[in-house]
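Participant: mmCIF, C-alpha atoms, file model-v9.cif:
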```
data_target
loop_
_atom_site.label_atom_id
_atom_site.label_comp_id
_atom_site.auth_asym_id
_atom_site.auth_seq_id
_atom_site.Cartn_x
_atom_site.Cartn_y
_atom_site.Cartn_z
CA MET Z 266 111.13 117.55 112.36
CA PHE Z 267 110.10 120.95 113.66
CA GLU Z 268 111.78 124.05 112.32
CA GLU Z 269 111.99 125.67 115.73
CA LEU Z 270 112.76 124.22 119.14
CA SER Z 271 109.95 126.34 120.57
CA LEU Z 272 107.54 124.20 118.51
CA ASN Z 273 108.97 121.06 120.16
CA ILE Z 274 108.40 122.74 123.52
CA LEU Z 275 104.79 123.53 122.62
CA ASP Z 276 104.23 119.96 121.47
CA ILE Z 277 105.64 118.45 124.67
CA ALA Z 278 103.75 120.92 126.84
CA MET Z 279 100.48 120.03 125.08
CA ASN Z 280 100.99 116.54 126.49
CA SER Z 281 101.25 118.10 129.94
CA LEU Z 282 97.87 119.77 129.44
CA ALA Z 283 96.43 116.47 128.24
CA ALA Z 284 97.77 114.86 131.43
CA ASN Z 285 95.69 117.31 133.50
CA ALA Z 286 98.65 119.26 134.79
CA LYS Z 287 97.93 122.25 137.04
CA LYS Z 288 101.36 123.66 136.47
CA VAL Z 289 103.71 123.44 133.49
CA GLU Z 290 107.23 124.72 133.99
CA ILE Z 291 109.37 125.31 130.94
CA SER Z 292 113.07 125.94 131.42
CA VAL Z 293 115.44 127.03 128.70
CA LEU Z 294 119.15 127.36 129.32
CA GLU Z 295 121.16 128.79 126.47
CA SER Z 296 124.88 129.02 127.09
CA ARG Z 297 127.44 129.86 124.44
CA LYS Z 298 130.16 129.75 127.06
CA HIS Z 299 129.48 126.09 127.85
CA ASP Z 300 128.25 125.30 124.33
CA ARG Z 301 125.01 123.90 125.71
CA LEU Z 302 121.33 124.40 125.12
CA ILE Z 303 119.03 122.63 127.54
CA LEU Z 304 115.24 122.45 127.34
CA ARG Z 305 113.09 121.08 130.12
CA VAL Z 306 109.33 120.73 130.39
CA ARG Z 307 108.15 119.72 133.85
CA ASP Z 308 104.53 119.16 134.81
CA ASP Z 309 102.52 117.94 137.78
CA GLY Z 310 100.14 115.92 135.64
CA ARG Z 311 99.15 112.33 136.12
CA GLY Z 312 102.49 110.86 135.03
CA MET Z 313 103.18 107.43 133.61
CA ASP Z 314 104.50 104.11 134.87
CA ALA Z 315 107.76 102.64 133.58
CA ALA Z 316 106.07 100.25 131.14
CA THR Z 317 104.06 103.02 129.46
CA LEU Z 318 107.10 105.25 129.20
CA ASP Z 319 109.10 102.44 127.69
CA ARG Z 320 106.39 101.87 125.10
CA LEU Z 321 106.33 105.56 124.20
CA LEU Z 322 110.05 105.83 123.75
CA ARG Z 323 110.90 102.49 122.17
CA SER Z 324 108.04 101.82 119.84
CA ARG Z 325 106.67 105.31 119.25
CA GLY Z 326 103.52 104.47 121.17
CA THR Z 327 100.97 106.93 122.47
CA THR Z 328 98.88 107.34 125.60
CA LYS Z 329 96.09 109.04 123.68
CA THR Z 330 92.99 106.92 123.39
CA SER Z 331 90.97 109.14 121.10
CA ARG Z 332 90.18 107.59 117.75
CA LYS Z 333 92.42 104.73 116.74
CA LYS Z 334 95.64 106.54 117.26
CA LYS Z 335 98.49 104.10 117.70
CA ILE Z 336 101.63 106.12 117.31
CA GLY Z 337 102.97 109.28 118.86
CA LEU Z 338 105.90 111.21 117.45
CA GLY Z 339 106.22 114.19 119.78
CA LEU Z 340 108.84 112.74 122.13
CA ALA Z 341 110.60 110.92 119.30
CA LEU Z 342 111.04 114.15 117.33
CA LEU Z 343 112.68 115.91 120.26
CA GLN Z 344 114.83 112.89 121.05
CA GLN Z 345 116.07 112.75 117.49
CA THR Z 346 116.91 116.45 117.46
CA ALA Z 347 118.78 116.23 120.77
CA GLU Z 348 120.82 113.20 119.84
CA MET Z 349 121.58 114.53 116.38
CA CYS Z 350 122.93 117.74 117.91
CA GLY Z 351 125.41 116.17 120.30
CA GLY Z 352 123.09 116.06 123.27
CA HIS Z 353 120.92 113.81 125.40
CA PHE Z 354 117.25 113.18 125.93
CA HIS Z 355 115.63 112.02 129.11
CA VAL Z 356 112.10 111.52 130.42
CA ARG Z 357 111.36 111.02 134.09
CA SER Z 358 107.87 110.12 135.16
CA ALA Z 359 105.88 108.18 137.73
CA PRO Z 360 102.12 107.80 138.21
CA GLY Z 361 100.83 110.73 140.25
CA ARG Z 362 104.23 112.41 140.27
CA GLY Z 363 104.13 114.29 136.99
CA THR Z 364 106.51 114.12 134.07
CA THR Z 365 109.78 115.86 133.27
CA VAL Z 366 111.19 115.86 129.75
CA THR Z 367 114.75 117.10 129.34
CA ALA Z 368 116.65 117.55 126.11
CA SER Z 369 120.14 118.94 125.74
CA MET Z 370 122.17 119.78 122.67
CA ARG Z 371 125.34 121.54 121.65
CA GLU Z 372 124.53 125.19 121.22
CA SER Z 373 126.95 125.53 118.30
CA HIS Z 374 125.92 122.33 116.48
CA ILE Z 375 125.27 123.06 112.84
CA ASP Z 376 122.03 121.05 112.81
CA ARG Z 377 120.60 122.63 115.93
CA PRO Z 378 117.28 124.30 115.05
CA PRO Z 379 116.83 127.88 116.26
CA LEU Z 380 114.89 128.40 119.46
CA GLY Z 381 112.37 130.41 117.47
CA ASP Z 382 109.34 132.26 118.75
CA LEU Z 383 109.23 131.28 122.41
CA ASN Z 384 106.66 133.99 123.11
CA ALA Z 385 104.17 132.47 120.67
CA THR Z 386 104.59 129.10 122.37
CA ILE Z 387 103.97 130.51 125.85
CA LEU Z 388 101.00 132.63 124.74
CA THR Z 389 99.45 129.61 123.00
CA LEU Z 390 99.79 127.56 126.18
CA CYS Z 391 98.32 130.35 128.32
CA ALA Z 392 95.34 130.69 125.99
CA ALA Z 393 94.96 126.93 125.62
CA ASN Z 394 93.99 126.49 129.22
CA PRO Z 395 93.80 129.62 131.39
CA ASP Z 396 93.48 127.55 134.57
CA VAL Z 397 96.91 126.02 134.15
CA GLU Z 398 99.89 127.86 135.60
CA VAL Z 399 102.50 128.29 132.89
CA GLN Z 400 105.98 129.24 133.95
CA LEU Z 401 108.98 130.02 131.78
CA ASN Z 402 112.50 130.16 133.17
CA TYR Z 403 114.98 131.42 130.64
CA ARG Z 404 118.68 131.65 131.33
CA SER Z 405 121.56 132.62 129.13
CA ASP Z 406 125.14 133.64 129.87
CA GLU Z 407 123.98 137.22 130.30
CA GLN Z 408 120.61 137.07 132.01
CA ALA Z 409 117.89 135.13 133.78
CA LEU Z 410 114.25 135.86 132.93
CA ARG Z 411 111.07 134.47 134.39
CA PHE Z 412 107.44 134.51 133.35
CA ASN Z 413 104.54 133.11 135.31
CA SER Z 414 100.95 133.24 134.07
CA GLN Z 415 99.35 133.14 137.54
CA GLU Z 416 101.26 136.17 138.78
CA LEU Z 417 99.78 138.00 135.84
CA VAL Z 418 96.24 137.09 136.82
CA LYS Z 419 96.83 138.45 140.28
CA GLY Z 420 97.94 141.67 138.65
CA LYS Z 421 101.51 141.60 139.90
CA VAL Z 422 103.43 142.42 136.76
CA CYS Z 423 107.06 142.67 137.70
CA VAL Z 424 109.93 142.46 135.28
CA MET S 120 115.09 135.87 124.35
CA ASN S 121 115.78 139.19 126.04
CA LEU S 122 114.17 141.55 128.48
CA GLU S 123 112.32 143.40 125.76
CA GLN S 124 110.72 140.19 124.55
CA LEU S 125 109.79 139.20 128.09
CA LYS S 126 108.04 142.53 128.57
CA LYS S 127 106.15 142.00 125.35
CA LEU S 128 105.17 138.50 126.47
CA LYS S 129 103.78 139.83 129.75
CA GLU S 130 101.93 142.60 127.98
CA LYS S 131 100.32 140.19 125.51
CA ALA S 132 99.44 137.66 128.19
CA GLN S 133 97.84 140.45 130.24
CA GLN S 134 95.70 141.44 127.26
CA GLN S 135 94.64 137.82 126.88
CA VAL S 136 93.51 137.79 130.49
CA ALA S 137 91.53 140.97 129.94
CA LEU S 138 89.66 139.40 127.02
CA ARG S 139 88.74 136.39 129.11
CA GLU S 140 85.84 138.01 130.96
CA GLY S 141 82.21 137.99 129.93
CA GLY S 142 79.92 135.67 127.99
CA LYS S 143 81.28 134.42 124.70
CA LYS S 144 79.47 134.23 121.42
CA TYR S 145 82.15 132.28 119.59
CA ARG S 146 84.53 129.60 120.71
CA VAL S 147 87.48 128.93 118.42
CA VAL S 148 89.18 125.58 118.89
CA VAL S 149 92.59 125.14 117.29
CA SER S 150 93.90 121.64 116.65
CA MET S 151 97.32 121.64 118.34
CA GLY S 152 98.56 118.07 118.13
CA THR S 153 101.99 117.16 116.80
CA SER S 154 100.85 117.21 113.17
CA GLY S 155 98.95 120.46 113.63
CA ILE S 156 102.00 122.14 115.12
CA ALA S 157 104.21 120.79 112.33
CA ALA S 158 101.79 122.23 109.76
CA GLY S 159 101.79 125.68 111.34
CA ALA S 160 98.96 125.65 113.90
CA ARG S 161 100.90 127.82 116.33
CA ASP S 162 101.24 130.65 113.82
CA VAL S 163 97.54 130.36 112.97
CA MET S 164 96.71 130.57 116.68
CA LYS S 165 99.04 133.51 117.21
CA THR S 166 97.54 135.41 114.28
CA MET S 167 94.02 134.76 115.54
CA LEU S 168 94.87 135.94 119.07
CA ASP S 169 96.56 139.05 117.68
CA GLU S 170 93.70 139.90 115.34
CA ILE S 171 91.02 139.26 117.97
CA GLU S 172 92.85 141.56 120.34
CA LYS S 173 93.47 144.21 117.68
CA ARG S 174 89.79 144.28 116.81
CA GLY S 175 88.74 144.13 120.46
CA LEU S 176 86.46 141.12 119.91
CA ASP S 177 85.64 140.32 123.51
CA ASP S 178 82.94 137.77 122.65
CA VAL S 179 85.44 135.24 121.27
CA GLU S 180 87.42 132.68 123.21
CA VAL S 181 90.25 130.64 121.75
CA ARG S 182 91.13 127.17 122.99
CA VAL S 183 93.15 124.23 121.75
CA THR S 184 92.55 120.54 121.35
CA GLY S 185 94.56 117.49 120.35
CA GLU S 186 94.39 115.90 116.95
CA HIS S 187 91.11 115.30 115.20
CA GLY S 188 92.22 112.68 112.74
CA LEU S 189 92.45 115.37 110.08
CA GLU S 190 96.24 115.28 109.81
CA ASP S 191 96.28 115.69 106.04
CA ILE S 192 94.39 118.99 106.08
CA GLU S 193 96.05 120.64 109.09
CA PRO S 194 96.12 123.35 110.39
CA VAL S 195 92.48 122.93 111.35
CA ILE S 196 90.25 125.12 113.50
CA GLN S 197 86.63 124.79 114.49
CA ILE S 198 84.37 127.71 115.35
CA GLU S 199 81.48 126.93 117.67
CA GLU S 200 78.68 129.42 118.02
CA ALA S 201 76.51 129.91 121.06
CA SER S 202 73.66 128.32 119.06
CA GLY S 203 75.67 125.10 118.78
CA GLU S 204 76.50 125.55 115.13
CA LYS S 205 80.01 124.42 114.22
CA THR S 206 82.15 125.36 111.27
CA THR S 207 85.46 123.67 110.47
CA TYR S 208 88.17 125.49 108.56
CA ALA S 209 91.18 123.63 107.20
CA ARG S 210 94.54 124.07 105.45
CA LEU S 211 94.98 127.42 107.14
CA ASP S 212 97.80 129.92 107.28
CA SER S 213 98.15 133.37 108.83
CA GLU S 214 96.46 135.16 105.92
CA LYS S 215 93.46 132.84 105.95
CA ALA S 216 93.24 133.09 109.73
CA LYS S 217 93.07 136.88 109.44
CA LYS S 218 90.25 136.59 106.96
CA ILE S 219 88.30 134.25 109.24
CA VAL S 220 88.63 136.68 112.13
CA SER S 221 87.50 139.68 110.10
CA GLU S 222 84.67 137.89 108.29
CA HIS S 223 83.31 135.15 110.53
CA LEU S 224 84.15 136.41 114.01
CA GLN S 225 83.67 140.11 113.42
CA LYS S 226 80.93 140.29 110.79
CA GLY S 227 79.33 136.90 111.36
CA ARG S 228 79.78 135.83 107.75
CA LYS S 229 81.15 132.37 107.12
CA VAL S 230 84.12 132.06 104.79
CA ASP S 231 82.70 129.33 102.59
CA ASN S 232 85.75 128.74 100.43
CA LEU S 233 87.88 127.87 103.47
CA ALA S 234 85.31 125.75 105.29
CA VAL S 235 85.27 121.96 105.01
CA GLY S 236 82.63 119.31 105.65
CA LYS S 237 78.95 119.69 106.29
CA GLU S 238 77.41 122.05 108.76
CA LYS S 239 76.73 120.32 112.02
CA LYS S 240 74.22 121.20 114.67
CA THR S 241 74.56 119.89 118.18
CA GLU S 242 71.71 119.97 120.61
#
```
How would this structure read if it were set down as C-alpha cells?

Facilitator:
Amino acid sequence: MFEELSLNILDIAMNSLAANAKKVEISVLESRKHDRLILRVRDDGRGMDAATLDRLLRSRGTTKTSRKKKIGLGLALLQQTAEMCGGHFHVRSAPGRGTTVTASMRESHIDRPPLGDLNATILTLCAANPDVEVQLNYRSDEQALRFNSQELVKGKVCV
Amino acid sequence: MNLEQLKKLKEKAQQQVALREGGKKYRVVVSMGTSGIAAGARDVMKTMLDEIEKRGLDDVEVRVTGEHGLEDIEPVIQIEEASGEKTTYARLDSEKAKKIVSEHLQKGRKVDNLAVGKEKKTE
C-alpha cells in the first residue's frame, strides 16, 4: 500500500511510459461537496487486449517481460485502495487505443490516503521522459488547474 | 493542490527543461517500478533533481527505469559516466541522495560506502 495517492498515480503513469505513450493525461477531481475523489490516468500507449487485461486484474499478472517477472501489483494496489474507501476501480484499454485507469473513492473515508505531493509525481514523470507530453488536470470545488509539459517547452507559461 | 503549488510546479518544470540542453557527462537512472516507488524512489528522485538544479550541474541528466530485480535493496539508482563506467547505489534516502550529488556528480568522487556490486565497464 502506498502512503500517498500521488505515488499510486506515479506508479500507474510509469506503465504508460512503458507502453510507449506520447501523451499521459492525469486528472484529479477532489470534491468535498460530493464526497468524491476521482483519479484518472489516460494514455495513448499501445494498450492491451481483453485477455491481457483480465490476466492483470484477476491474477496479478504483468505485461513486463524483463527478467522473470511474473506478478504486477501496481493496478492491484490502486484497486484495493479504491474499493476499501467506498469507491470503484476501472481499466479501459484496447490494442492501439491506449489505456485509461480510473479510481474513485469517498473523499471523507477514514482510510483514504492523502493525495500527497502531486508536484513531485508530475516532475518525476516530466524528467523520466522529456519527449512525453504530461498533462495534469486538477479540479476541486473551488478551482480548476491545468499543467502541460509541452506548453512549457514552447515557452508559453500561462497560469 | 492550489494555484501557488501549480506555479511552483511550472517553475520547477521550466528549470528542468533549461538543464536539458548540452552534452551530458553523467546519466543518473532511478529505478521507478512499483517496489522502488513504495520504498521511496520518488523522494530520492526529487531530492536529486532539486540538488542538481541548486548546484547548477548542467552536465547531469536524470532518467527512470522499471525494476531491476533488486527489490530488496530499493531505492536503487545507477550513475553512468560518459566513459561507460557504471556505479550502482542502493538503499537510498534523501540524505544519501544529497551526498551522492555533492560527491559523485559534483566532485567526481564515488561514495564507496553507498555503492553496491562490482564496477562494470561497458564497451

Participant: Report as a Markdown table the residues of chain S within 10 Å of chain Z, each with its shortest atom pair and distance in Å (one decimal), using all atoms listed in the file, ordered by chain and increasing residue number.

Facilitator:
```
| residue | atom | partner | partner_atom | distance |
| --- | --- | --- | --- | --- |
| S:Met120 | CA | Z:Leu383 | CA | 7.7 |
| S:Asn121 | CA | Z:Leu410 | CA | 7.8 |
| S:Leu122 | CA | Z:Leu410 | CA | 7.2 |
| S:Glu123 | CA | Z:Val424 | CA | 9.9 |
| S:Gln124 | CA | Z:Asn384 | CA | 7.5 |
| S:Leu125 | CA | Z:Leu410 | CA | 7.4 |
| S:Lys126 | CA | Z:Val424 | CA | 7.0 |
| S:Lys127 | CA | Z:Asn384 | CA | 8.3 |
| S:Leu128 | CA | Z:Asn384 | CA | 5.8 |
| S:Lys129 | CA | Z:Phe412 | CA | 7.4 |
| S:Glu130 | CA | Z:Val422 | CA | 8.9 |
| S:Lys131 | CA | Z:Leu388 | CA | 7.6 |
| S:Ala132 | CA | Z:Leu388 | CA | 6.3 |
| S:Gln133 | CA | Z:Leu417 | CA | 6.4 |
| S:Gln135 | CA | Z:Ala392 | CA | 7.2 |
| S:Val136 | CA | Z:Val418 | CA | 6.9 |
| S:Ala137 | CA | Z:Val418 | CA | 9.2 |
| S:Arg139 | CA | Z:Pro395 | CA | 8.8 |
| S:Val148 | CA | Z:Ala393 | CA | 9.0 |
| S:Val149 | CA | Z:Ala393 | CA | 8.8 |
| S:Met151 | CA | Z:Met279 | CA | 7.6 |
| S:Gly152 | CA | Z:Asp276 | CA | 6.8 |
| S:Thr153 | CA | Z:Asp276 | CA | 5.9 |
| S:Ser154 | CA | Z:Leu338 | CA | 8.9 |
| S:Gly155 | CA | Z:Asp276 | CA | 9.5 |
| S:Ile156 | CA | Z:Leu272 | CA | 6.8 |
| S:Ala157 | CA | Z:Phe267 | CA | 6.0 |
| S:Ala158 | CA | Z:Phe267 | CA | 9.3 |
| S:Gly159 | CA | Z:Leu272 | CA | 9.3 |
| S:Ala160 | CA | Z:Leu272 | CA | 9.8 |
| S:Arg161 | CA | Z:Thr389 | CA | 7.1 |
| S:Asp162 | CA | Z:Ala385 | CA | 7.7 |
| S:Met164 | CA | Z:Thr389 | CA | 7.0 |
| S:Lys165 | CA | Z:Ala385 | CA | 6.3 |
| S:Thr166 | CA | Z:Ala385 | CA | 9.7 |
| S:Leu168 | CA | Z:Ala392 | CA | 8.7 |
| S:Glu180 | CA | Z:Ala392 | CA | 8.6 |
| S:Val181 | CA | Z:Ala392 | CA | 6.6 |
| S:Arg182 | CA | Z:Ala393 | CA | 4.7 |
| S:Val183 | CA | Z:Ala393 | CA | 5.1 |
| S:Thr184 | CA | Z:Ala393 | CA | 8.1 |
| S:Gly185 | CA | Z:Met279 | CA | 8.0 |
| S:Glu186 | CA | Z:Ser331 | CA | 8.6 |
| S:His187 | CA | Z:Arg332 | CA | 8.2 |
| S:Gly188 | CA | Z:Arg332 | CA | 7.4 |
```

Participant: Using all atoms listed in the file, which residues sit within 7 Å of Ala209 of chain S once same-chain residues fewer than 6 positions away are excluded, as a PDB file with C-alpha atoms, in the coordinates of the input?

Facilitator:
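Written out: result20.pdb:
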```
ATOM      1  CA  ILE S 192      94.390 118.990 106.080  1.00  0.00           C
ATOM      2  CA  GLU S 193      96.050 120.640 109.090  1.00  0.00           C
ATOM      3  CA  PRO S 194      96.120 123.350 110.390  1.00  0.00           C
ATOM      4  CA  VAL S 195      92.480 122.930 111.350  1.00  0.00           C
ATOM      5  CA  ILE S 196      90.250 125.120 113.500  1.00  0.00           C
ATOM      6  CA  LEU S 233      87.880 127.870 103.470  1.00  0.00           C
ATOM      7  CA  ALA S 234      85.310 125.750 105.290  1.00  0.00           C
ATOM      8  CA  VAL S 235      85.270 121.960 105.010  1.00  0.00           C
TER       9      VAL S 235
END
```

Participant: Using only C-alpha atoms, find the one residue out of S:Asp178, S:Lys173, S:Val163, S:Thr207 that sits nearest to Lys144 of chain S.

Facilitator: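 Among S:Asp178, S:Lys173, S:Val163, S:Thr207, it is S:Asp178 that comes nearest to Lys144 of chain S.
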
Participant: Centre and edge lengths, as lines of an AutoDock Vina configuration file, for the axis-aligned box enclosing every listed atom of segment 220-230 of chain S with 3 Å of padding on each of the six sides, in Å to one decimal?

Facilitator:
```
center_x = 84.0
center_y = 136.2
center_z = 109.4
size_x = 15.3
size_y = 14.2
size_z = 15.2
```

Participant: One decimal, in Å: what's the spacing between atom CA of Gly351 of chain Z and atom CA of Arg323 of chain Z?

Facilitator: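 Atom-to-atom, atom CA of Gly351 of chain Z and atom CA of Arg323 of chain Z are spaced 20.0 Å apart.
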
Participant: Pick out the closest residue to Arg371 of chain Z from this set: Z:Ile303, Z:Leu270, Z:Ala284, Z:Leu321. Count all atoms listed in the file.

Facilitator: Z:Ile303

Participant: With distances taken over only C-alpha atoms, which of Z:Gln415, Z:Gln400, Z:Thr317, Z:Ser296 is nearest to Ser369 of chain Z?

Facilitator: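 Looking at the shortest contact to Ser369 of chain Z, the residue is Z:Ser296.
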
Participant: Could you tell me how far atom CA of Val306 of chain Z sits from atom CA of Val366 of chain Z, in Å to one decimal place?

Facilitator: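 Atom CA of Val306 of chain Z lies at a distance of 5.3 Å from atom CA of Val366 of chain Z.
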
Participant: Written as a list in words, what is the full residue list that the PyMOL selection byres ((chain Z and resi 367) around 9) yields on the file shown?

Facilitator: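 With the PyMOL selection byres ((chain Z and resi 367) around 9) on this model, the match is Ile303, Leu304, Arg305, Val306, Arg307, His353, Phe354, His355, Val356, Arg357, Thr365, Val366, Ala368 and Ser369 of chain Z.
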
Participant: Quick one: residues within 9 Å of Pro360 of chain Z, only C-alpha atoms counted, chain neighbours fewer than 6 positions away excluded, as an MDAnalysis selection string?

Facilitator: chainID Z and resid 310:315

Participant: Which distance in Å separates atom CA of Pro378 of chain Z and atom CA of Ser150 of chain S, to one decimal?

Facilitator: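 Between atom CA of Pro378 of chain Z and atom CA of Ser150 of chain S the gap works out to 23.6 Å.
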
Participant: Expanded to explicit residues, what is the PyMOL selection byres ((chain S and resi 223) around 12) for this file, as a PyMOL selection string?

Facilitator: chain S and resi 144-147+167+171+176+179+197-200+205-208+215-222+224-231+233-234

Participant: Would you mind completing segment 192-213 of chain S so that it carries N, CA and C atoms, and writing it out as a PDB file, in the frame of the given file?

Facilitator:
```pdb
ATOM      1  N   ILE S 192      94.860 117.648 106.448  1.00  0.00           N
ATOM      2  CA  ILE S 192      94.390 118.990 106.080  1.00  0.00           C
ATOM      3  C   ILE S 192      94.669 120.009 107.185  1.00  0.00           C
ATOM      4  N   GLU S 193      95.647 119.687 108.065  1.00  0.00           N
ATOM      5  CA  GLU S 193      96.050 120.640 109.090  1.00  0.00           C
ATOM      6  C   GLU S 193      96.691 121.867 108.442  1.00  0.00           C
ATOM      7  N   PRO S 194      96.733 123.004 109.106  1.00  0.00           N
ATOM      8  CA  PRO S 194      96.120 123.350 110.390  1.00  0.00           C
ATOM      9  C   PRO S 194      94.600 123.473 110.298  1.00  0.00           C
ATOM     10  N   VAL S 195      93.927 122.956 111.322  1.00  0.00           N
ATOM     11  CA  VAL S 195      92.480 122.930 111.350  1.00  0.00           C
ATOM     12  C   VAL S 195      91.978 123.725 112.567  1.00  0.00           C
ATOM     13  N   ILE S 196      90.923 124.514 112.353  1.00  0.00           N
ATOM     14  CA  ILE S 196      90.250 125.120 113.500  1.00  0.00           C
ATOM     15  C   ILE S 196      88.748 124.874 113.372  1.00  0.00           C
ATOM     16  N   GLN S 197      88.073 124.924 114.516  1.00  0.00           N
ATOM     17  CA  GLN S 197      86.630 124.790 114.490  1.00  0.00           C
ATOM     18  C   GLN S 197      86.048 125.983 115.246  1.00  0.00           C
ATOM     19  N   ILE S 198      85.036 126.599 114.669  1.00  0.00           N
ATOM     20  CA  ILE S 198      84.370 127.710 115.350  1.00  0.00           C
ATOM     21  C   ILE S 198      82.996 127.245 115.812  1.00  0.00           C
ATOM     22  N   GLU S 199      82.778 127.317 117.113  1.00  0.00           N
ATOM     23  CA  GLU S 199      81.480 126.930 117.670  1.00  0.00           C
ATOM     24  C   GLU S 199      80.739 128.191 118.060  1.00  0.00           C
ATOM     25  N   GLU S 200      79.481 128.264 117.650  1.00  0.00           N
ATOM     26  CA  GLU S 200      78.680 129.420 118.020  1.00  0.00           C
ATOM     27  C   GLU S 200      77.805 129.083 119.208  1.00  0.00           C
ATOM     28  N   ALA S 201      77.328 130.120 119.868  1.00  0.00           N
ATOM     29  CA  ALA S 201      76.510 129.910 121.060  1.00  0.00           C
ATOM     30  C   ALA S 201      75.294 129.037 120.736  1.00  0.00           C
ATOM     31  N   SER S 202      74.827 129.111 119.482  1.00  0.00           N
ATOM     32  CA  SER S 202      73.660 128.320 119.060  1.00  0.00           C
ATOM     33  C   SER S 202      73.996 126.839 118.902  1.00  0.00           C
ATOM     34  N   GLY S 203      75.273 126.494 118.947  1.00  0.00           N
ATOM     35  CA  GLY S 203      75.670 125.100 118.780  1.00  0.00           C
ATOM     36  C   GLY S 203      76.172 124.799 117.385  1.00  0.00           C
ATOM     37  N   GLU S 204      76.040 125.764 116.500  1.00  0.00           N
ATOM     38  CA  GLU S 204      76.500 125.550 115.130  1.00  0.00           C
ATOM     39  C   GLU S 204      78.033 125.506 115.087  1.00  0.00           C
ATOM     40  N   LYS S 205      78.553 124.551 114.304  1.00  0.00           N
ATOM     41  CA  LYS S 205      80.010 124.420 114.220  1.00  0.00           C
ATOM     42  C   LYS S 205      80.474 124.529 112.787  1.00  0.00           C
ATOM     43  N   THR S 206      81.555 125.267 112.598  1.00  0.00           N
ATOM     44  CA  THR S 206      82.150 125.360 111.270  1.00  0.00           C
ATOM     45  C   THR S 206      83.604 124.950 111.376  1.00  0.00           C
ATOM     46  N   THR S 207      84.063 124.101 110.460  1.00  0.00           N
ATOM     47  CA  THR S 207      85.460 123.670 110.470  1.00  0.00           C
ATOM     48  C   THR S 207      86.192 124.309 109.297  1.00  0.00           C
ATOM     49  N   TYR S 208      87.323 124.918 109.603  1.00  0.00           N
ATOM     50  CA  TYR S 208      88.170 125.490 108.560  1.00  0.00           C
ATOM     51  C   TYR S 208      89.476 124.711 108.519  1.00  0.00           C
ATOM     52  N   ALA S 209      89.977 124.458 107.313  1.00  0.00           N
ATOM     53  CA  ALA S 209      91.180 123.630 107.200  1.00  0.00           C
ATOM     54  C   ALA S 209      92.206 124.232 106.257  1.00  0.00           C
ATOM     55  N   ARG S 210      93.390 123.648 106.269  1.00  0.00           N
ATOM     56  CA  ARG S 210      94.540 124.070 105.450  1.00  0.00           C
ATOM     57  C   ARG S 210      94.790 125.556 105.623  1.00  0.00           C
ATOM     58  N   LEU S 211      94.891 125.994 106.863  1.00  0.00           N
ATOM     59  CA  LEU S 211      94.980 127.420 107.140  1.00  0.00           C
ATOM     60  C   LEU S 211      96.416 127.925 107.153  1.00  0.00           C
ATOM     61  N   ASP S 212      96.541 129.229 107.026  1.00  0.00           N
ATOM     62  CA  ASP S 212      97.800 129.920 107.280  1.00  0.00           C
ATOM     63  C   ASP S 212      97.420 131.264 107.898  1.00  0.00           C
ATOM     64  N   SER S 213      98.424 132.107 108.143  1.00  0.00           N
ATOM     65  CA  SER S 213      98.150 133.370 108.830  1.00  0.00           C
ATOM     66  C   SER S 213      97.164 134.235 108.050  1.00  0.00           C
TER      67      SER S 213
END
```
